[in-house]
>>> print(open('structure-v9.txt').read())   # compact mmCIF, C-alpha atoms (C1' of nucleotides)
# COMPACT_ATOMS: atom_id res chain seq x y z
CA MET O 1 34.92 -16.93 41.60
CA HIS O 2 32.72 -15.17 39.12
CA ILE O 3 32.78 -11.41 38.91
CA ASP O 4 30.25 -9.19 37.17
CA VAL O 5 30.34 -5.39 36.89
CA ASN O 6 27.04 -3.90 38.06
CA SER O 7 25.38 -2.05 35.14
CA ALA O 8 28.78 -2.03 33.44
CA PHE O 9 28.16 0.42 30.57
CA LEU O 10 26.36 2.85 32.86
CA SER O 11 28.85 2.56 35.74
CA TRP O 12 31.83 3.11 33.49
CA THR O 13 30.15 6.07 31.79
CA ALA O 14 29.36 7.56 35.21
CA VAL O 15 32.96 7.22 36.39
CA GLU O 16 34.27 8.81 33.20
CA MET O 17 31.80 11.70 33.47
CA LEU O 18 32.82 12.37 37.07
CA LYS O 19 36.44 12.29 36.02
CA ASP O 20 35.57 14.91 33.39
CA GLY O 21 34.11 17.13 36.09
CA ALA O 22 30.41 16.29 35.89
CA ALA O 23 28.39 17.67 38.79
CA GLU O 24 26.02 14.71 38.90
CA ASP O 25 26.54 10.97 39.32
CA ILE O 26 24.14 9.46 36.79
CA ARG O 27 24.03 6.24 38.81
CA LEU O 28 21.95 8.04 41.43
CA VAL O 29 19.15 9.20 39.11
CA PRO O 30 16.95 7.41 36.56
CA SER O 31 19.35 7.03 33.65
CA ALA O 32 20.34 4.59 30.93
CA ILE O 33 22.82 3.85 28.19
CA ALA O 34 20.80 3.58 24.99
CA GLY O 35 21.21 3.59 21.23
CA ASP O 36 19.67 6.16 18.93
CA PRO O 37 16.20 5.58 17.43
CA LYS O 38 17.23 7.68 14.43
CA SER O 39 19.72 5.01 13.46
CA ARG O 40 17.17 2.35 14.45
CA SER O 41 19.20 1.19 17.42
CA GLY O 42 17.07 2.72 20.14
CA ILE O 43 17.19 0.11 22.87
CA ILE O 44 18.29 0.16 26.51
CA LEU O 45 21.76 -1.34 26.95
CA ALA O 46 22.21 -0.61 30.66
CA LYS O 47 20.23 1.21 33.34
CA SER O 48 20.80 2.76 36.76
CA GLU O 49 19.24 1.35 39.93
CA PRO O 50 16.67 4.19 40.11
CA ALA O 51 15.73 3.45 36.47
CA LYS O 52 15.45 -0.24 37.29
CA LYS O 53 13.06 0.59 40.13
CA ARG O 54 10.81 2.25 37.57
CA GLY O 55 10.59 -0.97 35.62
CA ILE O 56 13.15 -0.26 32.95
CA LYS O 57 14.75 -3.40 31.56
CA THR O 58 17.69 -4.10 29.30
CA ALA O 59 16.72 -4.42 25.58
CA MET O 60 13.55 -2.38 26.08
CA THR O 61 12.90 0.21 23.37
CA LEU O 62 13.54 3.82 24.22
CA PRO O 63 9.92 5.02 23.82
CA GLU O 64 8.83 2.20 26.13
CA ALA O 65 11.41 3.26 28.70
CA ARG O 66 10.36 6.92 28.45
CA ARG O 67 6.77 6.00 29.15
CA LEU O 68 7.88 4.33 32.39
CA SER O 69 10.27 7.11 33.35
CA PRO O 70 9.51 10.38 31.54
CA GLY O 71 12.59 12.17 32.91
CA LEU O 72 14.98 9.35 31.99
CA LYS O 73 18.44 10.63 31.14
CA THR O 74 20.09 8.65 28.37
CA PHE O 75 23.65 8.48 27.13
CA PRO O 76 25.08 6.91 23.98
CA PRO O 77 27.26 3.79 24.22
CA ARG O 78 31.05 4.35 24.19
CA HIS O 79 32.57 0.99 23.36
CA ASP O 80 36.15 2.23 23.10
CA LEU O 81 35.85 3.54 26.65
CA TYR O 82 34.41 0.24 27.90
CA LYS O 83 37.34 -1.64 26.43
CA ILE O 84 39.76 0.49 28.44
CA TYR O 85 37.78 0.19 31.68
CA SER O 86 37.43 -3.54 31.17
CA GLY O 87 41.19 -3.79 30.72
CA HIS O 88 41.84 -2.01 34.03
CA LEU O 89 39.55 -4.41 35.87
CA PHE O 90 41.26 -7.46 34.42
CA GLU O 91 44.65 -6.02 35.35
CA LEU O 92 43.56 -5.70 38.95
CA LEU O 93 42.12 -9.23 39.00
CA SER O 94 45.32 -10.66 37.50
CA GLU O 95 47.06 -9.90 40.79
CA TYR O 96 45.07 -12.67 42.45
CA THR O 97 45.51 -15.51 39.94
CA ASP O 98 46.80 -16.01 36.43
CA VAL O 99 43.91 -18.32 35.57
CA ILE O 100 41.24 -15.86 34.43
CA GLU O 101 38.62 -16.45 31.78
CA ARG O 102 37.05 -13.41 30.18
CA PHE O 103 33.45 -14.26 29.49
CA SER O 104 32.46 -10.86 28.15
CA ILE O 105 33.58 -7.26 28.42
CA ASP O 106 32.34 -7.08 32.03
CA GLU O 107 32.35 -10.64 33.34
CA CYS O 108 34.96 -13.22 34.13
CA TRP O 109 35.87 -16.26 36.15
CA LEU O 110 38.90 -16.53 38.40
CA ASP O 111 40.29 -19.93 39.30
CA TYR O 112 41.30 -19.17 42.86
CA THR O 113 42.59 -22.69 43.49
CA GLY O 114 46.02 -22.42 45.07
CA SER O 115 45.77 -18.68 45.75
CA GLU O 116 44.37 -19.20 49.29
CA LYS O 117 47.88 -19.56 50.66
CA ILE O 118 48.71 -16.04 49.51
CA PHE O 119 45.44 -14.12 49.82
CA GLY O 120 43.44 -16.13 52.34
CA ALA O 121 40.02 -17.77 52.16
CA PRO O 122 38.05 -17.02 48.98
CA GLU O 123 35.39 -15.07 50.90
CA GLU O 124 38.08 -12.82 52.35
CA ALA O 125 39.80 -12.34 49.01
CA ALA O 126 36.50 -11.54 47.31
CA LYS O 127 35.82 -8.89 49.90
CA LYS O 128 39.26 -7.37 49.29
CA ILE O 129 38.83 -7.45 45.53
CA SER O 130 35.41 -5.88 45.67
CA GLN O 131 36.63 -3.10 48.00
CA ARG O 132 39.66 -2.40 45.85
CA VAL O 133 37.53 -2.13 42.71
CA LYS O 134 35.26 0.32 44.48
CA ARG O 135 38.11 2.42 45.87
CA GLU O 136 40.59 2.29 42.98
CA LEU O 137 38.27 2.02 39.98
CA GLY O 138 35.18 3.74 41.31
CA TYR O 139 32.34 1.28 40.74
CA THR O 140 30.75 -1.82 42.27
CA VAL O 141 30.76 -5.46 41.23
CA ASN O 142 28.91 -8.62 42.16
CA MET O 143 30.94 -11.68 43.01
CA GLY O 144 29.99 -15.33 43.30
CA ILE O 145 32.03 -18.03 44.96
CA SER O 146 31.72 -21.78 44.63
CA SER O 147 33.46 -24.94 43.51
CA ASN O 148 32.68 -24.65 39.77
CA LYS O 149 31.93 -22.07 37.10
CA LEU O 150 28.20 -22.68 36.88
CA LEU O 151 27.58 -22.28 40.63
CA SER O 152 29.81 -19.22 40.96
CA LYS O 153 28.00 -17.61 38.03
CA MET O 154 24.60 -18.38 39.56
CA ALA O 155 25.88 -16.96 42.86
CA SER O 156 27.01 -13.66 41.40
CA GLU O 157 23.59 -13.21 39.75
CA MET O 158 21.80 -13.38 43.08
CA GLU O 159 21.20 -10.08 44.86
CA LYS O 160 22.60 -6.99 43.14
CA PRO O 161 24.35 -4.61 43.24
CA ASP O 162 27.56 -4.71 45.28
CA HIS O 163 27.15 -8.17 46.79
CA ILE O 164 29.28 -11.24 47.35
CA HIS O 165 27.41 -14.54 47.43
CA THR O 166 28.48 -18.12 47.94
CA LEU O 167 26.65 -21.06 46.40
CA TYR O 168 28.48 -24.15 47.53
CA PRO O 169 27.01 -27.56 46.70
CA HIS O 170 25.42 -27.90 50.15
CA GLU O 171 23.59 -24.58 49.55
CA ILE O 172 22.02 -25.57 46.22
CA GLN O 173 18.68 -26.77 47.57
CA GLU O 174 18.20 -23.76 49.79
CA LYS O 175 19.51 -20.98 47.49
CA MET O 176 19.13 -22.17 43.91
CA TRP O 177 16.24 -24.61 43.74
CA PRO O 178 13.51 -22.09 44.63
CA LEU O 179 14.51 -19.83 41.70
CA PRO O 180 12.39 -19.74 38.51
CA ALA O 181 13.62 -22.16 35.82
CA ARG O 182 14.33 -19.20 33.53
CA GLU O 183 17.10 -18.04 35.86
CA LEU O 184 19.20 -21.15 35.35
CA PHE O 185 22.19 -20.26 33.16
CA GLY O 186 21.35 -21.78 29.76
CA VAL O 187 17.56 -21.72 30.07
CA GLY O 188 16.10 -19.02 27.86
CA ARG O 189 12.60 -18.01 26.94
CA SER O 190 11.96 -20.95 24.65
CA SER O 191 13.22 -23.66 27.00
CA ALA O 192 11.42 -22.10 29.95
CA ALA O 193 8.14 -22.22 28.00
CA THR O 194 8.70 -25.87 27.08
CA LEU O 195 9.55 -26.76 30.68
CA ALA O 196 6.43 -24.97 31.92
CA ARG O 197 4.31 -27.15 29.66
CA PHE O 198 5.64 -30.13 31.59
CA GLY O 199 4.84 -28.46 34.89
CA LEU O 200 8.48 -27.60 35.62
CA HIS O 201 8.68 -24.06 36.96
CA THR O 202 11.64 -23.87 39.33
CA ILE O 203 15.26 -24.95 39.12
CA GLY O 204 14.41 -27.52 41.79
CA ASP O 205 11.67 -28.93 39.54
CA ILE O 206 14.26 -29.43 36.80
CA ALA O 207 16.77 -30.97 39.19
CA CYS O 208 14.24 -33.56 40.33
CA ALA O 209 12.66 -34.22 36.92
CA ASP O 210 13.16 -37.43 34.99
CA PRO O 211 16.28 -36.94 32.83
CA THR O 212 14.70 -38.98 30.02
CA LEU O 213 11.74 -36.63 29.96
CA LEU O 214 14.04 -33.59 29.86
CA ARG O 215 16.04 -35.05 26.98
CA SER O 216 12.96 -35.73 24.90
CA ALA O 217 11.34 -32.37 25.72
CA LEU O 218 14.40 -30.17 25.12
CA LYS O 219 16.48 -32.36 22.72
CA PRO O 220 19.35 -34.49 24.02
CA ALA O 221 22.09 -31.93 24.55
CA MET O 222 19.92 -29.24 26.12
CA GLY O 223 18.01 -31.77 28.26
CA ARG O 224 21.18 -33.26 29.67
CA MET O 225 22.71 -29.84 30.27
CA VAL O 226 19.80 -28.36 32.22
CA HIS O 227 19.45 -31.46 34.37
CA GLU O 228 23.14 -31.38 35.27
CA ARG O 229 23.17 -27.64 35.88
CA ALA O 230 20.04 -27.71 38.04
CA ASN O 231 21.97 -30.16 40.22
CA GLY O 232 25.03 -27.93 40.29
CA ILE O 233 27.11 -30.21 38.09
CA ASP O 234 29.71 -28.53 35.86
CA ASP O 235 33.30 -29.57 35.26
CA SER O 236 34.26 -27.04 32.58
CA PRO O 237 37.71 -25.54 33.17
CA VAL O 238 38.49 -21.85 33.59
CA LEU O 239 40.18 -21.08 30.29
CA LYS O 240 43.05 -18.59 30.18
CA ALA O 241 43.29 -16.24 27.22
CA GLU O 242 46.19 -18.27 25.79
CA GLU O 243 43.99 -21.37 25.77
CA TYR O 244 41.12 -19.69 24.02
CA GLU O 245 40.58 -18.69 20.42
CA SER O 246 37.36 -17.32 18.99
CA LYS O 247 35.75 -19.42 16.28
CA VAL O 248 33.91 -16.68 14.42
CA ILE O 249 34.75 -13.14 13.33
CA GLY O 250 31.67 -11.22 12.30
CA HIS O 251 30.18 -7.78 11.85
CA SER O 252 26.64 -6.69 11.19
CA ASP O 253 24.97 -3.33 10.75
CA THR O 254 21.43 -2.21 11.23
CA THR O 255 21.08 0.33 8.45
CA PRO O 256 19.63 3.81 9.10
CA SER O 257 16.91 3.06 6.53
CA ASP O 258 15.81 -0.09 4.73
CA VAL O 259 18.09 -1.33 1.96
CA LYS O 260 16.04 -1.93 -1.16
CA THR O 261 18.49 -2.31 -4.00
CA GLU O 262 21.26 -4.76 -4.77
CA GLU O 263 23.64 -1.90 -5.45
CA GLU O 264 23.12 -0.42 -2.00
CA ALA O 265 23.39 -3.85 -0.39
CA PHE O 266 26.72 -4.46 -2.13
CA HIS O 267 28.13 -1.30 -0.58
CA TYR O 268 27.32 -2.57 2.89
CA ILE O 269 28.61 -6.05 2.04
CA LEU O 270 31.90 -4.53 0.88
CA SER O 271 32.26 -2.40 3.98
CA LEU O 272 31.47 -5.37 6.23
CA SER O 273 33.86 -7.60 4.26
CA GLU O 274 36.57 -5.02 4.75
CA ARG O 275 36.01 -4.85 8.50
CA VAL O 276 35.93 -8.61 9.12
CA GLY O 277 38.87 -9.05 6.75
CA LEU O 278 40.95 -6.54 8.67
CA ARG O 279 40.21 -8.28 11.98
CA LEU O 280 40.94 -11.67 10.44
CA ARG O 281 44.35 -10.55 9.18
CA GLU O 282 45.11 -8.81 12.47
CA SER O 283 44.44 -12.10 14.25
CA GLY O 284 46.94 -13.80 11.96
CA ARG O 285 44.36 -16.25 10.66
CA ARG O 286 42.59 -17.29 7.49
CA ALA O 287 39.01 -18.50 7.08
CA ASP O 288 37.32 -21.00 4.79
CA VAL O 289 33.67 -20.29 5.55
CA VAL O 290 31.90 -17.04 4.66
CA THR O 291 28.40 -16.35 6.00
CA VAL O 292 25.98 -13.60 5.00
CA GLU O 293 23.10 -12.75 7.30
CA LEU O 294 20.09 -10.61 6.41
CA LYS O 295 17.23 -9.29 8.50
CA ASN O 296 14.22 -7.86 6.74
CA SER O 297 11.86 -5.14 7.85
CA ALA O 298 9.58 -7.80 9.37
CA PHE O 299 12.53 -8.84 11.57
CA LYS O 300 12.87 -12.20 9.87
CA THR O 301 16.52 -13.25 9.81
CA TYR O 302 18.06 -15.63 7.30
CA ARG O 303 21.62 -16.64 6.49
CA HIS O 304 23.55 -18.47 3.86
CA GLN O 305 27.08 -19.74 4.14
CA LYS O 306 29.66 -21.08 1.74
CA LYS O 307 32.64 -23.26 2.46
CA LEU O 308 35.57 -22.41 0.22
CA LEU O 309 38.04 -24.85 -1.29
CA ALA O 310 40.91 -23.00 0.39
CA PRO O 311 41.06 -20.56 3.31
CA VAL O 312 41.26 -16.86 2.43
CA SER O 313 42.16 -13.62 4.16
CA ALA O 314 41.94 -10.92 1.49
CA THR O 315 39.00 -8.55 1.57
CA SER O 316 38.54 -9.09 -2.16
CA ASP O 317 38.08 -12.85 -1.68
CA ILE O 318 35.69 -12.35 1.21
CA TYR O 319 33.69 -9.78 -0.74
CA LYS O 320 33.57 -11.97 -3.83
CA THR O 321 32.02 -14.83 -1.86
CA ALA O 322 29.78 -12.63 0.26
CA SER O 323 28.32 -10.77 -2.70
CA ALA O 324 27.69 -14.04 -4.56
CA LEU O 325 25.93 -15.39 -1.47
CA PHE O 326 23.85 -12.23 -1.25
CA ARG O 327 22.81 -12.51 -4.88
CA GLU O 328 21.80 -16.13 -4.39
CA MET O 329 19.88 -15.65 -1.17
CA TRP O 330 18.21 -12.24 -1.26
CA ARG O 331 14.43 -12.58 -1.42
CA GLY O 332 13.95 -9.04 -2.67
CA ASP O 333 12.57 -7.94 0.70
CA ASP O 334 13.41 -4.63 2.38
CA LEU O 335 16.44 -5.16 4.60
CA ARG O 336 17.16 -3.55 7.96
CA LEU O 337 20.35 -5.49 8.78
CA LEU O 338 23.21 -7.02 6.85
CA GLY O 339 26.02 -9.07 8.33
CA VAL O 340 29.15 -10.86 7.15
CA SER O 341 31.02 -13.38 9.27
CA LEU O 342 34.01 -15.65 8.87
CA SER O 343 34.50 -19.07 10.39
CA GLY O 344 36.57 -22.16 9.76
CA LEU O 345 39.46 -20.12 11.16
CA ARG O 346 43.04 -21.39 11.18
CA ASN O 347 46.45 -19.87 11.60
CA ALA O 348 47.63 -18.28 8.37
CA ASN O 349 51.04 -19.94 8.39
CA GLU O 350 49.59 -23.41 9.01
CA GLU O 351 48.40 -23.42 5.44
CA GLU O 352 51.25 -24.03 3.07
CA SER O 353 49.06 -24.16 0.01
CA GLN O 354 47.00 -21.06 0.56
CA LEU O 355 46.79 -20.23 -3.14
CA SER O 356 43.89 -21.61 -5.06
CA LEU O 357 44.90 -23.93 -7.88
CA PHE O 358 42.13 -22.72 -10.15
CA GLY O 359 41.50 -19.15 -11.17
CA ASP O 360 38.46 -16.99 -10.85
CA PHE O 361 36.97 -18.09 -14.12
CA GLY O 362 38.75 -21.37 -14.43
CA ALA O 363 41.82 -19.54 -15.66
CA PHE O 364 45.26 -21.05 -15.38
CA GLY O 365 46.60 -21.37 -11.87
CA ALA O 366 49.63 -19.21 -12.35
CA GLU O 367 47.68 -16.14 -13.42
CA GLN O 368 45.29 -16.45 -10.51
CA ASN O 369 48.12 -16.89 -8.06
CA GLU O 370 49.84 -13.77 -9.37
CA SER O 371 46.70 -11.69 -9.03
CA GLN O 372 46.12 -13.10 -5.57
CA LYS O 373 49.62 -12.15 -4.50
CA THR O 374 49.05 -8.63 -5.81
CA ASN O 375 45.82 -8.48 -3.84
CA ASP O 376 47.48 -9.66 -0.65
CA THR O 377 50.24 -7.06 -1.00
CA LEU O 378 47.72 -4.31 -1.70
CA GLU O 379 45.70 -5.23 1.35
CA GLU O 380 48.76 -5.56 3.56
CA ALA O 381 49.67 -2.01 2.61
CA GLN O 382 46.17 -0.80 3.44
CA ASP O 383 46.25 -2.62 6.78
CA MET O 384 49.55 -0.94 7.63
CA ILE O 385 48.16 2.47 6.78
CA ARG O 386 45.13 1.82 8.99
CA LYS O 387 47.28 0.58 11.83
CA ARG O 388 49.44 3.67 11.72
CA PHE O 389 46.92 6.39 10.89
CA GLY O 390 43.60 4.95 12.09
CA LYS O 391 40.83 2.81 10.67
CA ASP O 392 39.41 5.61 8.52
CA ALA O 393 42.72 6.70 7.04
CA ILE O 394 42.12 4.80 3.82
CA THR O 395 38.95 3.46 2.31
CA ARG O 396 37.42 2.62 -1.03
CA GLY O 397 36.04 5.45 -3.12
CA THR O 398 32.84 3.52 -3.57
CA LEU O 399 32.25 3.57 0.19
CA LEU O 400 32.59 7.35 0.51
C1' DT J 1 10.29 7.99 19.54
C1' DC J 2 10.06 0.61 17.73
C1' DT J 3 12.89 -3.53 18.40
C1' DG J 4 21.87 -3.78 18.75
C1' DG J 5 25.91 -6.33 17.97
C1' DG J 6 29.24 -9.56 19.52
C1' DG J 7 29.52 -14.44 20.10
C1' DT J 8 28.81 -20.23 21.19
C1' DC J 9 26.57 -24.46 20.49
C1' DC J 10 23.08 -27.89 18.74
C1' DT J 11 19.91 -30.09 15.37
C1' DA J 12 18.09 -31.85 11.11
C1' DG J 13 18.28 -32.89 6.38
C1' DG J 14 20.71 -33.97 2.28
C1' DA J 15 24.82 -35.37 -0.43
C1' DC J 16 28.18 -38.54 -0.48
C1' DC J 17 31.21 -42.61 0.76
C1' DC J 18 31.87 -47.75 1.55
C1' DT P 1 9.06 -58.15 -7.04
C1' DC P 2 11.97 -54.13 -3.77
C1' DT P 3 15.47 -50.69 -1.13
C1' DG P 4 20.79 -51.49 5.03
C1' DG P 5 23.74 -49.40 8.03
C1' DG P 6 27.93 -47.33 9.26
C1' DG P 7 29.97 -42.98 8.70
C1' DT P 8 31.53 -37.63 7.23
C1' DC P 9 30.70 -33.12 5.57
C1' DC P 10 27.95 -29.11 4.45
C1' DT P 11 24.10 -26.05 5.11
C1' DA P 12 20.07 -23.58 7.26
C1' DG P 13 17.82 -22.49 11.27
C1' DG P 14 17.38 -21.63 16.02
C1' DA P 15 18.41 -21.29 21.18
C1' DC P 16 21.20 -19.08 24.26
C1' DC P 17 24.64 -15.79 26.44
C1' DC P 18 26.28 -10.76 27.51
>>> encode(input="structure-v9.txt", output="structure tokens")
Amino acid sequence: MHIDVNSAFLSWTAVEMLKDGAAEDIRLVPSAIAGDPKSRSGIILAKSEPAKKRGIKTAMTLPEARRLSPGLKTFPPRHDLYKIYSGHLFELLSEYTDVIERFSIDECWLDYTGSEKIFGAPEEAAKKISQRVKRELGYTVNMGISSNKLLSKMASEMEKPDHIHTLYPHEIQEKMWPLPARELFGVGRSSAATLARFGLHTIGDIACADPTLLRSALKPAMGRMVHERANGIDDSPVLKAEEYESKVIGHSDTTPSDVKTEEEAFHYILSLSERVGLRLRESGRRADVVTVELKNSAFKTYRHQKKLLAPVSATSDIYKTASALFREMWRGDDLRLLGVSLSGLRNANEEESQLSLFGDFGAFGAEQNESQKTNDTLEEAQDMIRKRFGKDAITRGTLL
DNA sequence: TCTGGGGTCCTAGGACCC
DNA sequence: TCTGGGGTCCTAGGACCC
């Protein structure tokens, strides 16, 4: 089964507002969750059904949305709230199986195999789950049922909101093949355009196309994948949280105004390094690849990465690499976004020799190792302060 | 009153190795 | 008197997902 919260950010905000005594349910009027144009994040993140009827789409800019729906009520995103609501949903779902894969904050797969004996046929269980979510948590979900992840996902995307769909293999031709190619999970704007050039417009067209043609048109991996998916083929397992580890830890910020100087950029790089470093250490891991991403005022994005000789976890090491990357890559253009991410992640204790043999400036190993130990201790202390008193309890003077 | 932030995966080219 | 073929690793860029 695949389960998807209808207009998650908006639904959860609506439930919270009602809990706080709001007179109006924002789900029943044209409304949206949107960022703030002042901070240059003014896009639609979620919309109500009445807003959707007026043509408002996710990722649309706020002025565009207001033109379509002048009275549109908008509310800022509340990610901390969403995390809590998401947690409650997953708790409820955990009663039905312990094999749950969280795909995003509002979507997951349940491997219902074996649970029939306790909760009945999947269609019956889905109905129960959906009703319980509505009654106990206060919002609606879409659910899809089939024999693999791809088909259940395609099923839950069908008619919204508050629907349960099946898409078993024998239903593929009737229910999935007539859909536009773009609606196949994994086919985006670019692939859809390429497929259209070959006269392939529906999922059925892809399913019946020559696999060799697809592989040459879309590159081998993508060609093979879309052909398999269009035919309902997918054998990927539902991965429990214990079996899953993220491969990247990253943060990026769109700045309130363009960054034009190296000095200003370094402040952001330091703040970003601190945030990814904290998350890295909290996850108990170290990283040996640092990536810096920049987006200029023309919306052109570019990144540089650097693989280190040894994995690191200290903010100072991350910042050192990130600022060097920035210096090497910056084209002098006005920047609207800066990002720092860490990859090449491994468990901290797996690395016996975590200390670099050579110093910063080719100094003797011992000195470098001592300063690194001091750094680690300093940062551990800061992490503890943040854990106990909040993320803003301690920060660098330069970031104030 | 213009365009977010968090990720995953694939490809191509170059350095390098035998 | 003219330049192979098997690999691995690193990096930059891009497609795709929510």
>>> closest_residue(input="structure-v9.txt", among="O:Ile44, O:Val248, O:Leu151, O:Leu239", to="DG6 of chain J", atoms="all atoms listed in the file")
O:Val248
>>> interface_residues(input="structure-v9.txt", of="chain O", to="chain P", cutoff="7 Å", atoms="only C-alpha atoms (C1' of nucleotides)", output="ChimeraX atom specification")
/O:104,186,188
>>> atom_distance(input="structure-v9.txt", atom1="atom CA of Gln131 of chain O", atom2="atom CA of His79 of chain O")
25.3 Å
>>> atom_distance(input="structure-v9.txt", atom1="atom CA of Ile318 of chain O", atom2="atom CA of Arg281 of chain O")
11.9 Å
>>> residues_around(input="structure-v9.txt", residues="Thr166 of chain O", least_positions_apart="6", cutoff="8 Å", atoms="all atoms listed in the file", output="list in words")
Gly144, Ile145, Ser146, Ser152 and Ala155 of chain O
>>> atom_distance(input="structure-v9.txt", atom1="atom CA of Ile118 of chain O", atom2="atom CA of Glu242 of chain O")
24.0 Å
>>> residues_around(input="structure-v9.txt", residues="Glu174 of chain O", least_positions_apart="5", cutoff="10 Å", atoms="all atoms listed in the file", output="NGL selection string")
:O and (167 or 179 or 204)
>>> build_atoms(input="structure-v9.txt", residues="segment 221-241 of chain O", atoms="N, CA and C atoms", output="mmCIF file, keeping the file's coordinate frame")
data_model
loop_
_atom_site.group_PDB
_atom_site.id
_atom_site.type_symbol
_atom_site.label_atom_id
_atom_site.label_comp_id
_atom_site.auth_asym_id
_atom_site.auth_seq_id
_atom_site.Cartn_x
_atom_site.Cartn_y
_atom_site.Cartn_z
ATOM 1 N N ALA O 221 21.005 -32.718 23.949
ATOM 2 C CA ALA O 221 22.090 -31.930 24.550
ATOM 3 C C ALA O 221 21.554 -30.949 25.590
ATOM 4 N N MET O 222 20.491 -30.230 25.219
ATOM 5 C CA MET O 222 19.920 -29.240 26.120
ATOM 6 C C MET O 222 19.313 -29.916 27.339
ATOM 7 N N GLY O 223 18.627 -31.054 27.152
ATOM 8 C CA GLY O 223 18.010 -31.770 28.260
ATOM 9 C C GLY O 223 19.042 -32.216 29.278
ATOM 10 N N ARG O 224 20.122 -32.792 28.779
ATOM 11 C CA ARG O 224 21.180 -33.260 29.670
ATOM 12 C C ARG O 224 21.792 -32.071 30.422
ATOM 13 N N MET O 225 22.050 -31.003 29.662
ATOM 14 C CA MET O 225 22.710 -29.840 30.270
ATOM 15 C C MET O 225 21.861 -29.234 31.405
ATOM 16 N N VAL O 226 20.583 -29.019 31.166
ATOM 17 C CA VAL O 226 19.800 -28.360 32.220
ATOM 18 C C VAL O 226 19.656 -29.256 33.441
ATOM 19 N N HIS O 227 19.568 -30.565 33.225
ATOM 20 C CA HIS O 227 19.450 -31.460 34.370
ATOM 21 C C HIS O 227 20.730 -31.419 35.208
ATOM 22 N N GLU O 228 21.871 -31.455 34.538
ATOM 23 C CA GLU O 228 23.140 -31.380 35.270
ATOM 24 C C GLU O 228 23.275 -30.039 35.986
ATOM 25 N N ARG O 229 22.996 -28.959 35.267
ATOM 26 C CA ARG O 229 23.170 -27.640 35.880
ATOM 27 C C ARG O 229 22.233 -27.420 37.054
ATOM 28 N N ALA O 230 20.996 -27.882 36.933
ATOM 29 C CA ALA O 230 20.040 -27.710 38.040
ATOM 30 C C ALA O 230 20.538 -28.421 39.286
ATOM 31 N N ASN O 231 21.391 -29.442 39.087
ATOM 32 C CA ASN O 231 21.970 -30.160 40.220
ATOM 33 C C ASN O 231 23.370 -29.650 40.564
ATOM 34 N N GLY O 232 23.745 -28.552 39.942
ATOM 35 C CA GLY O 232 25.030 -27.930 40.290
ATOM 36 C C GLY O 232 26.233 -28.602 39.674
ATOM 37 N N ILE O 233 25.999 -29.463 38.687
ATOM 38 C CA ILE O 233 27.110 -30.210 38.090
ATOM 39 C C ILE O 233 27.701 -29.439 36.911
ATOM 40 N N ASP O 234 29.002 -29.223 36.932
ATOM 41 C CA ASP O 234 29.710 -28.530 35.860
ATOM 42 C C ASP O 234 31.198 -28.769 36.066
ATOM 43 N N ASP O 235 31.864 -29.332 35.074
ATOM 44 C CA ASP O 235 33.300 -29.570 35.260
ATOM 45 C C ASP O 235 34.117 -28.829 34.193
ATOM 46 N N SER O 236 33.531 -27.782 33.616
ATOM 47 C CA SER O 236 34.260 -27.040 32.580
ATOM 48 C C SER O 236 35.400 -26.253 33.228
ATOM 49 N N PRO O 237 36.558 -26.233 32.585
ATOM 50 C CA PRO O 237 37.710 -25.540 33.170
ATOM 51 C C PRO O 237 37.644 -24.033 32.933
ATOM 52 N N VAL O 238 38.307 -23.286 33.805
ATOM 53 C CA VAL O 238 38.490 -21.850 33.590
ATOM 54 C C VAL O 238 39.592 -21.692 32.556
ATOM 55 N N LEU O 239 39.239 -21.142 31.408
ATOM 56 C CA LEU O 239 40.180 -21.080 30.290
ATOM 57 C C LEU O 239 40.925 -19.750 30.243
ATOM 58 N N LYS O 240 42.243 -19.807 30.318
ATOM 59 C CA LYS O 240 43.050 -18.590 30.180
ATOM 60 C C LYS O 240 43.012 -18.102 28.744
ATOM 61 N N ALA O 241 43.333 -16.830 28.564
ATOM 62 C CA ALA O 241 43.290 -16.240 27.220
ATOM 63 C C ALA O 241 44.135 -17.044 26.228
#
